Amino acid sequence: MSAAVHAPGLKPGRIVLYALLALFAVFYLLPLFVMIVTSFKSLDEIRLGNMLSLPQQPTTEAWLAAWQTSCIGLTCEGLKGYFWNSIKMVVPAVFISTILGSLNGYVLTKWRFPGHRWIFALMLFGCFIPFQSVLVPMALILGKLGIAGTTAGLVLVHVVYGLGFTTLFFRNYYEAFPNELIRAAQIDGASFFQIFRRIMLPSSGPIIVVTVIFQFTNIWNDFLFGASFASGDSAPMTVALNNLVNTSTGVREYNVYMAAAIIAALPTLLVYIISGRYFVRGLMAGAVKG
Amino acid sequence: MSVEQTVEAAPQVIAAGRQPKPESPAGLWLQRHLPKLVLSPSLLAIGVFVYGFIIWTIYLSFTRSKILPVYAFAGTDAHQRLWHTPNWYKALENLAIFGSLYIIICLALGLFLAILIDQKIRGEGMFRPIFLYPMALSFIVTGTAWKWFLNPGYGLQKTVQDWGWASFTFDWITSTDMAIYTVVIAGVWQVSGFVMAMFLAGLRGIDSDMLRAAQIDGASTFNTYRRIVIPQLRPIFLSAFVVLAHMAIKSYDLVVALTGGGPGNATELPATFMYSYTFTRNQMAIGAASAVVMLAIIGAVIIPYLYLELREKKS
């Protein structure tokens, strides 16, 4: 819809409109602005100066400290190891859950069998459960499997609890894919996997992008699973950031905390900046409506 | 029908993809059941890791598990103790305050921003991403940023005082009574842009002929929105409500990073309660009982919604 109520031009109403928009833009940008300027200040400047002022003597010390020498728990080697942990967790988890989601979506739309709707509903409900209701059994099973406290364990957890969403995305996308094409290919003797590889996958580009972005953002930003199942050296970025900020003793190095927070936010922020459109689409699809 | 014709017409066209297969019984069985076989690992995983684990947790809530699980049935002991824990009532009260404010403010602000953006403004491509980017951040990052921003000694309070308003106070984050509202502020900051995007998509889908007709009839902008536009956004209100409600109930990371549940237990929520009773206070059975209550609350919101959504698609 377009509200063509006002003709373009600067009537008083338009001025109020833009003033409001600018005000809200300030509200959303201010915390980020404060984070950035703080991360480039020295501790003295933070103590004496104003939160909103630009750094007088910009320094990257806090960034280097956050990356290399800040203390998380008992080790003082910065965030770099944890950043790498998160990458090692996110890449396989996103890859596996996306592949499985696309296959599931394919079966649930093009190879339906009685009860497919129930199965989908059960998978979907799995997306929304509070993970507190599976936390203890998961910890026990990961222990039994010998992958408690490892990145492999986290990959398993994120694949399992991401399946509902990835299946949802692909199911809704394939729902609109013409059945006639599938039927024709079947008549031509194409097998289940041939149809998937030659017909479904080549036209799945957009939904693959949406799913990968959604999963990447979710898994990178996860805290609960990381905190529960991967303590110590295998902890992901979010857990390390929280440990750095909330469990450290001694002088509170706010500049280091802010640099660390920005580092933790950078990957998802970059994804958002590069592919905002798909990011939004994924979020919307996550609200079930396809 | 036309299927046979296609078969007859097709043979020359078919390329490498088709080999005439000698069909062994095993091969036929495999072919018939292949789709189900492909689906089965995911089904098994969800069956075990979601539903099996939920049943497991429910069972644990009927035991006396402390630091480790024990499986002797103990009736409703843990549930009774949960409902005699003052801290649990604090968590529920906070969830009620946080949840209702979070949902209402996000819906109102999201709709308001969407309407602002929908006025054929210049620079839409600039404002939209500014309102939405917090959604890409981790709640831990959001919590860390706001914790700093709201810190009375360094943040907003000091800044305004430095500007000359010496008596200005904004120390909610350290106040037992007000800390829960800082969680609301940070939560709204993170998610309202997303709600805006949902409403904006809805606004763009509304038939513009109806609006033009309303204008010709002399309806004011305000009335057009109130009478025609907003009623048509009902499904979006519903979706946004469900998404927000389920996020509110699960809220954990934000509180951990922003206030750590404090000061004292001022920002305790069911999710933080469950975690601390299970893993740090070694009251696993009570933690499990609290998780069951959380599941029940979410189920009450989600199940009717999924039922509606999936039924609609059938017709």
# chains A, B, ... in the order shown; residues from 1 in each chain; ligands from 1
>>> select_by_dssp(residues="stretch 89-150 of chain A", states="helix (DSSP H, G or I)", output="JSON, numbers by chain")
{"A": [89, 90, 91, 92, 93, 94, 95, 96, 97, 98, 99, 100, 101, 102, 103, 104, 105, 106, 107, 108, 109, 110, 116, 117, 118, 119, 120, 121, 122, 123, 124, 125, 126, 127, 128, 131, 132, 133, 135, 136, 137, 138, 139, 140, 141, 142, 143, 144, 145]}
>>> write_last_selection(atoms="N, CA and C atoms", output="CSV table (one decimal), in the first residue's frame")
chain,number,residue,atom,x,y,z
A,89,MET,N,32.0,-24.2,14.7
A,89,MET,CA,30.7,-24.7,15.1
A,89,MET,C,29.7,-24.3,14.0
A,90,VAL,N,29.8,-23.1,13.6
A,90,VAL,CA,28.7,-22.6,12.7
A,90,VAL,C,28.7,-23.2,11.3
A,91,VAL,N,29.9,-23.4,10.7
A,91,VAL,CA,30.0,-23.8,9.3
A,91,VAL,C,29.4,-25.2,9.2
A,92,PRO,N,29.9,-26.2,9.9
A,92,PRO,CA,29.2,-27.5,9.7
A,92,PRO,C,27.8,-27.6,10.1
A,93,ALA,N,27.4,-26.9,11.2
A,93,ALA,CA,26.0,-26.9,11.7
A,93,ALA,C,25.1,-26.3,10.6
A,94,VAL,N,25.5,-25.2,10.0
A,94,VAL,CA,24.6,-24.6,9.0
A,94,VAL,C,24.5,-25.5,7.8
A,95,PHE,N,25.7,-26.0,7.4
A,95,PHE,CA,25.7,-26.8,6.2
A,95,PHE,C,24.8,-28.1,6.3
A,96,ILE,N,25.0,-28.8,7.4
A,96,ILE,CA,24.2,-30.0,7.6
A,96,ILE,C,22.7,-29.7,7.8
A,97,SER,N,22.4,-28.7,8.6
A,97,SER,CA,21.0,-28.5,8.8
A,97,SER,C,20.3,-28.0,7.6
A,98,THR,N,21.0,-27.3,6.7
A,98,THR,CA,20.4,-26.8,5.5
A,98,THR,C,20.2,-27.9,4.5
A,99,ILE,N,21.2,-28.8,4.4
A,99,ILE,CA,21.0,-30.0,3.5
A,99,ILE,C,19.8,-30.8,3.9
A,100,LEU,N,19.8,-31.1,5.2
A,100,LEU,CA,18.7,-32.0,5.7
A,100,LEU,C,17.4,-31.3,5.6
A,101,GLY,N,17.3,-30.0,5.8
A,101,GLY,CA,16.1,-29.2,5.7
A,101,GLY,C,15.6,-29.2,4.3
A,102,SER,N,16.5,-29.1,3.3
A,102,SER,CA,16.0,-29.1,1.9
A,102,SER,C,15.5,-30.5,1.5
A,103,LEU,N,16.2,-31.6,2.0
A,103,LEU,CA,15.6,-32.9,1.7
A,103,LEU,C,14.3,-33.1,2.3
A,104,ASN,N,14.2,-32.7,3.6
A,104,ASN,CA,12.9,-32.9,4.3
A,104,ASN,C,11.8,-32.1,3.6
A,105,GLY,N,12.1,-30.9,3.2
A,105,GLY,CA,11.1,-30.1,2.5
A,105,GLY,C,10.7,-30.7,1.2
A,106,TYR,N,11.6,-31.3,0.5
A,106,TYR,CA,11.3,-32.0,-0.7
A,106,TYR,C,10.4,-33.1,-0.5
A,107,VAL,N,10.7,-34.0,0.5
A,107,VAL,CA,9.9,-35.1,0.7
A,107,VAL,C,8.5,-34.7,1.2
A,108,LEU,N,8.4,-33.7,2.0
A,108,LEU,CA,7.1,-33.3,2.6
A,108,LEU,C,6.2,-32.5,1.6
A,109,THR,N,6.8,-32.1,0.5
A,109,THR,CA,5.9,-31.5,-0.5
A,109,THR,C,5.7,-32.3,-1.7
A,110,LYS,N,6.7,-33.0,-2.2
A,110,LYS,CA,6.6,-33.7,-3.4
A,110,LYS,C,6.5,-35.2,-3.3
A,116,HIS,N,1.8,-36.7,6.6
A,116,HIS,CA,2.9,-35.8,6.4
A,116,HIS,C,2.6,-34.5,7.2
A,117,ARG,N,1.3,-34.1,7.3
A,117,ARG,CA,1.0,-32.9,7.9
A,117,ARG,C,1.3,-32.9,9.4
A,118,TRP,N,1.0,-34.1,10.0
A,118,TRP,CA,1.3,-34.3,11.4
A,118,TRP,C,2.8,-34.2,11.7
A,119,ILE,N,3.5,-34.9,10.8
A,119,ILE,CA,5.0,-34.9,11.0
A,119,ILE,C,5.6,-33.5,10.9
A,120,PHE,N,5.1,-32.7,9.9
A,120,PHE,CA,5.5,-31.4,9.8
A,120,PHE,C,5.2,-30.6,11.1
A,121,ALA,N,4.0,-30.7,11.6
A,121,ALA,CA,3.6,-30.0,12.8
A,121,ALA,C,4.5,-30.3,14.0
A,122,LEU,N,4.8,-31.6,14.1
A,122,LEU,CA,5.7,-32.0,15.2
A,122,LEU,C,7.1,-31.4,15.0
A,123,MET,N,7.6,-31.4,13.8
A,123,MET,CA,8.9,-30.8,13.6
A,123,MET,C,8.8,-29.3,13.9
A,124,LEU,N,7.7,-28.7,13.5
A,124,LEU,CA,7.6,-27.2,13.7
A,124,LEU,C,7.6,-26.9,15.2
A,125,PHE,N,6.8,-27.6,15.9
A,125,PHE,CA,6.7,-27.3,17.3
A,125,PHE,C,8.1,-27.4,18.0
A,126,GLY,N,8.9,-28.3,17.5
A,126,GLY,CA,10.3,-28.4,18.0
A,126,GLY,C,11.1,-27.1,17.9
A,127,CYS,N,10.7,-26.3,17.0
A,127,CYS,CA,11.4,-25.0,16.8
A,127,CYS,C,11.1,-24.1,18.0
A,128,PHE,N,9.9,-24.2,18.6
A,128,PHE,CA,9.5,-23.2,19.5
A,128,PHE,C,9.6,-23.6,21.0
A,131,PHE,N,14.3,-24.3,25.3
A,131,PHE,CA,15.3,-25.3,25.3
A,131,PHE,C,15.6,-25.8,26.7
A,132,GLN,N,15.1,-25.0,27.7
A,132,GLN,CA,15.3,-25.5,29.1
A,132,GLN,C,14.7,-26.8,29.3
A,133,SER,N,13.7,-27.2,28.5
A,133,SER,CA,13.0,-28.5,28.7
A,133,SER,C,13.8,-29.6,28.1
A,135,LEU,N,17.4,-29.4,28.2
A,135,LEU,CA,18.8,-29.1,28.5
A,135,LEU,C,19.5,-30.3,29.3
A,136,VAL,N,18.9,-30.8,30.3
A,136,VAL,CA,19.5,-31.8,31.2
A,136,VAL,C,19.7,-33.1,30.4
A,137,PRO,N,18.6,-33.6,29.8
A,137,PRO,CA,18.9,-34.8,29.0
A,137,PRO,C,19.9,-34.7,27.9
A,138,MET,N,20.0,-33.5,27.3
A,138,MET,CA,21.0,-33.3,26.3
A,138,MET,C,22.4,-33.4,26.9
A,139,ALA,N,22.6,-32.7,28.0
A,139,ALA,CA,23.9,-32.8,28.7
A,139,ALA,C,24.3,-34.2,29.0
A,140,LEU,N,23.3,-35.0,29.5
A,140,LEU,CA,23.6,-36.4,29.8
A,140,LEU,C,24.0,-37.2,28.6
A,141,ILE,N,23.2,-37.0,27.5
A,141,ILE,CA,23.5,-37.8,26.3
A,141,ILE,C,24.8,-37.4,25.7
A,142,LEU,N,25.1,-36.1,25.6
A,142,LEU,CA,26.4,-35.6,25.1
A,142,LEU,C,27.5,-36.3,25.9
A,143,GLY,N,27.3,-36.4,27.2
A,143,GLY,CA,28.3,-37.0,28.0
A,143,GLY,C,28.5,-38.5,27.6
A,144,LYS,N,27.3,-39.2,27.5
A,144,LYS,CA,27.4,-40.6,27.1
A,144,LYS,C,28.1,-40.8,25.7
A,145,LEU,N,27.8,-39.8,24.8
A,145,LEU,CA,28.4,-40.0,23.5
A,145,LEU,C,29.9,-39.5,23.5
>>> residues_around(residues="A:Tyr254", least_positions_apart="2", cutoff="9 Å", atoms="only C-alpha atoms", output="PDB file with C-alpha atoms, in the first residue's frame")
ATOM      1  CA  THR A  38      34.272   3.673  23.702  1.00  0.00           C
ATOM      2  CA  SER A  39      36.260   0.893  22.075  1.00  0.00           C
ATOM      3  CA  LEU A  43      40.517   3.848  30.146  1.00  0.00           C
ATOM      4  CA  ILE A  46      36.571   6.893  29.582  1.00  0.00           C
ATOM      5  CA  ALA A  62      41.423  -2.128  23.427  1.00  0.00           C
ATOM      6  CA  VAL A 245      32.438  -8.927  30.764  1.00  0.00           C
ATOM      7  CA  ARG A 252      36.659  -3.038  34.570  1.00  0.00           C
ATOM      8  CA  VAL A 256      38.001  -3.839  25.926  1.00  0.00           C
ATOM      9  CA  TYR A 257      34.465  -5.057  26.610  1.00  0.00           C
ATOM     10  CA  MET A 258      33.057  -2.847  23.887  1.00  0.00           C
ATOM     11  CA  ALA A 259      35.695  -3.926  21.384  1.00  0.00           C
TER      12      ALA A 259
ATOM     13  CA  TRP B 148      27.418   0.121  29.586  1.00  0.00           C
TER      14      TRP B 148
END
>>> residues_around(residues="B:Val255", least_positions_apart="5", cutoff="10 Å", atoms="only C-alpha atoms", output="PDB file with C-alpha atoms, in the first residue's frame")
ATOM      1  CA  PHE B 139      21.393 -10.763  22.940  1.00  0.00           C
ATOM      2  CA  ILE B 140      24.727 -11.007  24.727  1.00  0.00           C
ATOM      3  CA  GLY B 143      23.071  -6.768  26.900  1.00  0.00           C
ATOM      4  CA  ILE B 180      13.326  -5.260  35.034  1.00  0.00           C
ATOM      5  CA  THR B 182      15.885  -1.926  31.616  1.00  0.00           C
ATOM      6  CA  VAL B 183      15.476  -5.460  30.281  1.00  0.00           C
ATOM      7  CA  VAL B 184      12.336  -4.242  28.535  1.00  0.00           C
ATOM      8  CA  ALA B 186      17.035  -3.386  25.671  1.00  0.00           C
ATOM      9  CA  GLY B 187      14.648  -6.076  24.442  1.00  0.00           C
ATOM     10  CA  GLY B 260      22.801 -11.268  35.569  1.00  0.00           C
ATOM     11  CA  GLY B 261      19.348 -11.650  37.106  1.00  0.00           C
ATOM     12  CA  GLY B 262      20.077  -8.939  39.648  1.00  0.00           C
ATOM     13  CA  THR B 267      15.371  -9.507  37.132  1.00  0.00           C
ATOM     14  CA  GLU B 268      15.007 -13.240  37.674  1.00  0.00           C
ATOM     15  CA  LEU B 269      13.006 -14.847  34.870  1.00  0.00           C
ATOM     16  CA  ALA B 271      14.710 -19.196  32.146  1.00  0.00           C
ATOM     17  CA  THR B 272      17.379 -17.910  34.549  1.00  0.00           C
TER      18      THR B 272
END
>>> residues_around(residues="stretch 222-234 of chain A", least_positions_apart="3", cutoff="7 Å", atoms="only C-alpha atoms", output="PyMOL selection string")
(chain A and resi 85+139+148-151+154+218-219+238-239) or (chain B and resi 253)
>>> write_last_selection(atoms="C-alpha atoms", output="tab-separated table (two decimals), in the first residue's frame")
chain	number	residue	atom	x	y	z
A	85	ASN	CA	35.49	-22.04	17.92
A	139	ALA	CA	23.87	-32.77	28.68
A	148	ALA	CA	30.27	-33.14	26.05
A	149	GLY	CA	32.12	-29.85	26.08
A	150	THR	CA	33.25	-30.15	22.47
A	151	THR	CA	32.51	-28.28	19.29
A	154	LEU	CA	27.50	-28.18	19.79
A	218	ASN	CA	20.90	-18.01	15.06
A	219	ILE	CA	23.78	-20.36	15.71
A	238	THR	CA	29.02	-15.34	22.91
A	239	VAL	CA	29.98	-17.35	25.99
B	253	ASP	CA	20.75	-14.37	27.30
>>> residues_around(residues="stretch 28-34 of chain A", least_positions_apart="3", cutoff="7 Å", atoms="only C-alpha atoms", output="PDB file with N, CA and C atoms, in the first residue's frame")
ATOM      1  N   PHE A  24      13.988   8.337  16.076  1.00  0.00           N
ATOM      2  CA  PHE A  24      14.086   6.891  16.261  1.00  0.00           C
ATOM      3  C   PHE A  24      15.414   6.356  15.725  1.00  0.00           C
ATOM      4  N   ALA A  25      15.894   6.938  14.648  1.00  0.00           N
ATOM      5  CA  ALA A  25      17.191   6.503  14.125  1.00  0.00           C
ATOM      6  C   ALA A  25      18.261   6.710  15.194  1.00  0.00           C
ATOM      7  N   VAL A  37      32.759   4.337  19.833  1.00  0.00           N
ATOM      8  CA  VAL A  37      33.687   5.360  20.348  1.00  0.00           C
ATOM      9  C   VAL A  37      34.386   4.877  21.619  1.00  0.00           C
ATOM     10  N   THR A  38      33.647   4.163  22.467  1.00  0.00           N
ATOM     11  CA  THR A  38      34.272   3.673  23.702  1.00  0.00           C
ATOM     12  C   THR A  38      35.424   2.724  23.396  1.00  0.00           C
ATOM     13  N   MET A  51      30.586   9.955  27.603  1.00  0.00           N
ATOM     14  CA  MET A  51      30.307   8.746  26.841  1.00  0.00           C
ATOM     15  C   MET A  51      30.116   9.013  25.341  1.00  0.00           C
ATOM     16  N   LEU A  52      29.536  10.184  25.044  1.00  0.00           N
ATOM     17  CA  LEU A  52      29.190  10.448  23.656  1.00  0.00           C
ATOM     18  C   LEU A  52      30.297  11.140  22.865  1.00  0.00           C
TER      19      LEU A  52
ATOM     20  N   ILE B 130      18.466   0.858   9.582  1.00  0.00           N
ATOM     21  CA  ILE B 130      18.861   1.395  10.891  1.00  0.00           C
ATOM     22  C   ILE B 130      17.935   0.857  11.983  1.00  0.00           C
ATOM     23  N   PHE B 131      16.641   0.757  11.667  1.00  0.00           N
ATOM     24  CA  PHE B 131      15.701   0.264  12.678  1.00  0.00           C
ATOM     25  C   PHE B 131      15.854  -1.235  12.899  1.00  0.00           C
ATOM     26  N   ALA B 145      26.150  -3.960  25.560  1.00  0.00           N
ATOM     27  CA  ALA B 145      26.093  -2.564  25.135  1.00  0.00           C
ATOM     28  C   ALA B 145      25.199  -1.740  26.063  1.00  0.00           C
ATOM     29  N   TRP B 146      24.037  -2.257  26.370  1.00  0.00           N
ATOM     30  CA  TRP B 146      23.096  -1.502  27.199  1.00  0.00           C
ATOM     31  C   TRP B 146      23.535  -1.420  28.647  1.00  0.00           C
ATOM     32  N   PHE B 149      25.730   1.446  28.527  1.00  0.00           N
ATOM     33  CA  PHE B 149      24.976   2.658  28.220  1.00  0.00           C
ATOM     34  C   PHE B 149      24.176   3.124  29.440  1.00  0.00           C
ATOM     35  N   TRP B 189      14.555  -2.488  22.037  1.00  0.00           N
ATOM     36  CA  TRP B 189      15.544  -1.941  21.108  1.00  0.00           C
ATOM     37  C   TRP B 189      15.960  -3.005  20.088  1.00  0.00           C
TER      38      TRP B 189
END
>>> residues_around(residues="stretch 234-236 of chain B", least_positions_apart="3", cutoff="10 Å", atoms="only C-alpha atoms", output="PDB file with N, CA and C atoms, in the first residue's frame")
ATOM      1  N   ALA A 287       8.508 -16.717  11.215  1.00  0.00           N
ATOM      2  CA  ALA A 287       7.237 -16.487  11.873  1.00  0.00           C
ATOM      3  C   ALA A 287       6.152 -17.348  11.234  1.00  0.00           C
ATOM      4  N   LYS A 289       4.522 -17.986   8.629  1.00  0.00           N
ATOM      5  CA  LYS A 289       3.933 -17.610   7.348  1.00  0.00           C
ATOM      6  C   LYS A 289       4.984 -17.673   6.249  1.00  0.00           C
TER       7      LYS A 289
ATOM      8  N   LEU B 107       4.891  -4.160  19.572  1.00  0.00           N
ATOM      9  CA  LEU B 107       3.801  -4.097  18.592  1.00  0.00           C
ATOM     10  C   LEU B 107       3.471  -2.648  18.251  1.00  0.00           C
ATOM     11  N   VAL B 195       9.611  -6.267  14.156  1.00  0.00           N
ATOM     12  CA  VAL B 195       8.155  -6.150  14.126  1.00  0.00           C
ATOM     13  C   VAL B 195       7.745  -5.107  13.080  1.00  0.00           C
ATOM     14  N   MET B 198       7.744  -6.677   9.733  1.00  0.00           N
ATOM     15  CA  MET B 198       6.557  -7.513   9.514  1.00  0.00           C
ATOM     16  C   MET B 198       5.351  -6.645   9.133  1.00  0.00           C
ATOM     17  N   PHE B 199       5.153  -5.567   9.887  1.00  0.00           N
ATOM     18  CA  PHE B 199       4.010  -4.698   9.599  1.00  0.00           C
ATOM     19  C   PHE B 199       4.163  -4.014   8.240  1.00  0.00           C
ATOM     20  N   LEU B 200       5.387  -3.646   7.927  1.00  0.00           N
ATOM     21  CA  LEU B 200       5.606  -2.961   6.656  1.00  0.00           C
ATOM     22  C   LEU B 200       5.238  -3.882   5.495  1.00  0.00           C
ATOM     23  N   ALA B 201       5.640  -5.152   5.618  1.00  0.00           N
ATOM     24  CA  ALA B 201       5.273  -6.115   4.579  1.00  0.00           C
ATOM     25  C   ALA B 201       3.756  -6.205   4.464  1.00  0.00           C
ATOM     26  N   GLY B 202       3.073  -6.153   5.603  1.00  0.00           N
ATOM     27  CA  GLY B 202       1.616  -6.203   5.592  1.00  0.00           C
ATOM     28  C   GLY B 202       1.014  -4.971   4.939  1.00  0.00           C
ATOM     29  N   LEU B 203       1.543  -3.803   5.289  1.00  0.00           N
ATOM     30  CA  LEU B 203       1.030  -2.550   4.721  1.00  0.00           C
ATOM     31  C   LEU B 203       1.177  -2.543   3.212  1.00  0.00           C
ATOM     32  N   VAL B 229      -6.935   0.243   7.402  1.00  0.00           N
ATOM     33  CA  VAL B 229      -5.619  -0.391   7.300  1.00  0.00           C
ATOM     34  C   VAL B 229      -5.363  -1.347   8.465  1.00  0.00           C
ATOM     35  N   ILE B 230      -5.495  -0.831   9.682  1.00  0.00           N
ATOM     36  CA  ILE B 230      -5.107  -1.641  10.832  1.00  0.00           C
ATOM     37  C   ILE B 230      -5.939  -2.923  10.960  1.00  0.00           C
ATOM     38  N   PRO B 231      -7.266  -2.842  10.727  1.00  0.00           N
ATOM     39  CA  PRO B 231      -8.015  -4.107  10.789  1.00  0.00           C
ATOM     40  C   PRO B 231      -7.498  -5.171   9.815  1.00  0.00           C
ATOM     41  N   SER B 239       0.785 -13.098  14.180  1.00  0.00           N
ATOM     42  CA  SER B 239       2.120 -13.681  14.004  1.00  0.00           C
ATOM     43  C   SER B 239       3.134 -12.988  14.901  1.00  0.00           C
ATOM     44  N   ALA B 240       3.100 -11.652  14.904  1.00  0.00           N
ATOM     45  CA  ALA B 240       4.077 -10.906  15.693  1.00  0.00           C
ATOM     46  C   ALA B 240       3.888 -11.205  17.175  1.00  0.00           C
ATOM     47  N   PHE B 241       2.640 -11.295  17.595  1.00  0.00           N
ATOM     48  CA  PHE B 241       2.373 -11.607  18.995  1.00  0.00           C
ATOM     49  C   PHE B 241       2.989 -12.952  19.377  1.00  0.00           C
ATOM     50  N   VAL B 242       2.772 -13.944  18.522  1.00  0.00           N
ATOM     51  CA  VAL B 242       3.283 -15.281  18.842  1.00  0.00           C
ATOM     52  C   VAL B 242       4.808 -15.280  18.887  1.00  0.00           C
TER      53      VAL B 242
END
>>> interface_residues(of="chain A", to="chain B", cutoff="6 Å", atoms="only C-alpha atoms", output="ChimeraX atom specification")
/A:1,3,50,104,107,130,132-134,137,189-190,221,261,265,268-269
>>> write_last_selection(atoms="N, CA and C atoms", output="mmCIF file, in the first residue's frame")
data_model
loop_
_atom_site.group_PDB
_atom_site.id
_atom_site.type_symbol
_atom_site.label_atom_id
_atom_site.label_comp_id
_atom_site.auth_asym_id
_atom_site.auth_seq_id
_atom_site.Cartn_x
_atom_site.Cartn_y
_atom_site.Cartn_z
ATOM 1 N N MET A 1 0.845 -1.198 0.000
ATOM 2 C CA MET A 1 0.000 0.000 0.000
ATOM 3 C C MET A 1 0.872 1.236 0.000
ATOM 4 N N ALA A 3 0.483 5.230 0.970
ATOM 5 C CA ALA A 3 -0.423 6.253 1.461
ATOM 6 C C ALA A 3 -0.163 7.535 0.698
ATOM 7 N N ASN A 50 33.246 12.136 28.416
ATOM 8 C CA ASN A 50 31.830 11.947 28.198
ATOM 9 C C ASN A 50 31.613 10.738 27.288
ATOM 10 N N ASN A 104 14.171 -32.708 3.579
ATOM 11 C CA ASN A 104 12.900 -32.870 4.281
ATOM 12 C C ASN A 104 11.783 -32.097 3.585
ATOM 13 N N VAL A 107 10.709 -33.959 0.457
ATOM 14 C CA VAL A 107 9.859 -35.124 0.733
ATOM 15 C C VAL A 107 8.466 -34.670 1.172
ATOM 16 N N PRO A 130 10.874 -24.248 24.635
ATOM 17 C CA PRO A 130 11.941 -23.618 25.419
ATOM 18 C C PRO A 130 13.039 -24.667 25.606
ATOM 19 N N GLN A 132 15.130 -25.011 27.683
ATOM 20 C CA GLN A 132 15.299 -25.460 29.064
ATOM 21 C C GLN A 132 14.688 -26.833 29.271
ATOM 22 N N SER A 133 13.694 -27.170 28.462
ATOM 23 C CA SER A 133 13.019 -28.452 28.688
ATOM 24 C C SER A 133 13.767 -29.629 28.062
ATOM 25 N N VAL A 134 14.913 -29.381 27.414
ATOM 26 C CA VAL A 134 15.710 -30.501 26.900
ATOM 27 C C VAL A 134 17.157 -30.427 27.392
ATOM 28 N N PRO A 137 18.643 -33.624 29.771
ATOM 29 C CA PRO A 137 18.853 -34.847 28.984
ATOM 30 C C PRO A 137 19.939 -34.677 27.926
ATOM 31 N N GLY A 189 11.669 -41.273 -15.979
ATOM 32 C CA GLY A 189 12.504 -42.250 -15.302
ATOM 33 C C GLY A 189 13.517 -41.652 -14.344
ATOM 34 N N ALA A 190 13.393 -40.359 -14.076
ATOM 35 C CA ALA A 190 14.348 -39.759 -13.146
ATOM 36 C C ALA A 190 14.072 -40.265 -11.740
ATOM 37 N N ASN A 221 24.756 -16.511 17.258
ATOM 38 C CA ASN A 221 24.291 -15.715 18.387
ATOM 39 C C ASN A 221 23.835 -16.550 19.572
ATOM 40 N N ALA A 261 32.633 -6.900 22.281
ATOM 41 C CA ALA A 261 31.233 -7.028 21.858
ATOM 42 C C ALA A 261 31.101 -6.765 20.358
ATOM 43 N N ALA A 265 29.869 -9.240 17.366
ATOM 44 C CA ALA A 265 28.716 -8.883 16.541
ATOM 45 C C ALA A 265 29.067 -8.784 15.062
ATOM 46 N N THR A 268 27.708 -11.440 12.109
ATOM 47 C CA THR A 268 26.289 -11.379 11.773
ATOM 48 C C THR A 268 25.912 -10.002 11.220
ATOM 49 N N LEU A 269 26.586 -8.982 11.736
ATOM 50 C CA LEU A 269 26.317 -7.637 11.236
ATOM 51 C C LEU A 269 26.721 -7.522 9.763
#
>>> atom_distance(atom1="atom CA of A:Arg281", atom2="atom CA of B:Val191")
15.1 Å
>>> closest_residue(among="A:Val251, A:Ala22, A:Leu156, A:Val209", to="A:Asp44", atoms="only C-alpha atoms")
A:Val251
>>> atom_distance(atom1="atom CA of A:Leu181", atom2="atom CA of B:Ala26")
27.4 Å
>>> atom_distance(atom1="atom CA of B:Asn94", atom2="atom CA of B:Ala285")
22.2 Å
>>> residues_around(residues="stretch 71-83 of chain B", least_positions_apart="2", cutoff="7 Å", atoms="only C-alpha atoms", output="list in words")
Ser61, Phe62, Thr63, Arg64, Pro69, Thr85, Trp88, Ala285, Ile286 and Ala289 of chain B
>>> decode(residues="stretch 128-150 of chain B", atoms="C-alpha atoms", output="PDB file, in the first residue's frame")
ATOM      1  CA  ARG B 128      14.732   0.665   7.453  1.00  0.00           C
ATOM      2  CA  PRO B 129      18.115  -0.979   7.997  1.00  0.00           C
ATOM      3  CA  ILE B 130      18.861   1.395  10.891  1.00  0.00           C
ATOM      4  CA  PHE B 131      15.701   0.264  12.678  1.00  0.00           C
ATOM      5  CA  LEU B 132      16.336  -3.377  11.937  1.00  0.00           C
ATOM      6  CA  TYR B 133      20.035  -4.016  12.418  1.00  0.00           C
ATOM      7  CA  PRO B 134      19.853  -4.784  16.176  1.00  0.00           C
ATOM      8  CA  MET B 135      18.006  -7.970  15.236  1.00  0.00           C
ATOM      9  CA  ALA B 136      21.247  -9.289  13.744  1.00  0.00           C
ATOM     10  CA  LEU B 137      23.046  -8.958  17.059  1.00  0.00           C
ATOM     11  CA  SER B 138      23.349 -11.533  19.785  1.00  0.00           C
ATOM     12  CA  PHE B 139      21.393 -10.763  22.940  1.00  0.00           C
ATOM     13  CA  ILE B 140      24.727 -11.007  24.727  1.00  0.00           C
ATOM     14  CA  VAL B 141      26.070  -8.139  22.621  1.00  0.00           C
ATOM     15  CA  THR B 142      22.893  -6.128  23.173  1.00  0.00           C
ATOM     16  CA  GLY B 143      23.071  -6.768  26.900  1.00  0.00           C
ATOM     17  CA  THR B 144      26.728  -5.761  27.062  1.00  0.00           C
ATOM     18  CA  ALA B 145      26.093  -2.564  25.135  1.00  0.00           C
ATOM     19  CA  TRP B 146      23.096  -1.502  27.199  1.00  0.00           C
ATOM     20  CA  LYS B 147      24.754  -2.420  30.453  1.00  0.00           C
ATOM     21  CA  TRP B 148      27.418   0.121  29.586  1.00  0.00           C
ATOM     22  CA  PHE B 149      24.976   2.658  28.220  1.00  0.00           C
ATOM     23  CA  LEU B 150      22.831   2.510  31.358  1.00  0.00           C
TER      24      LEU B 150
END
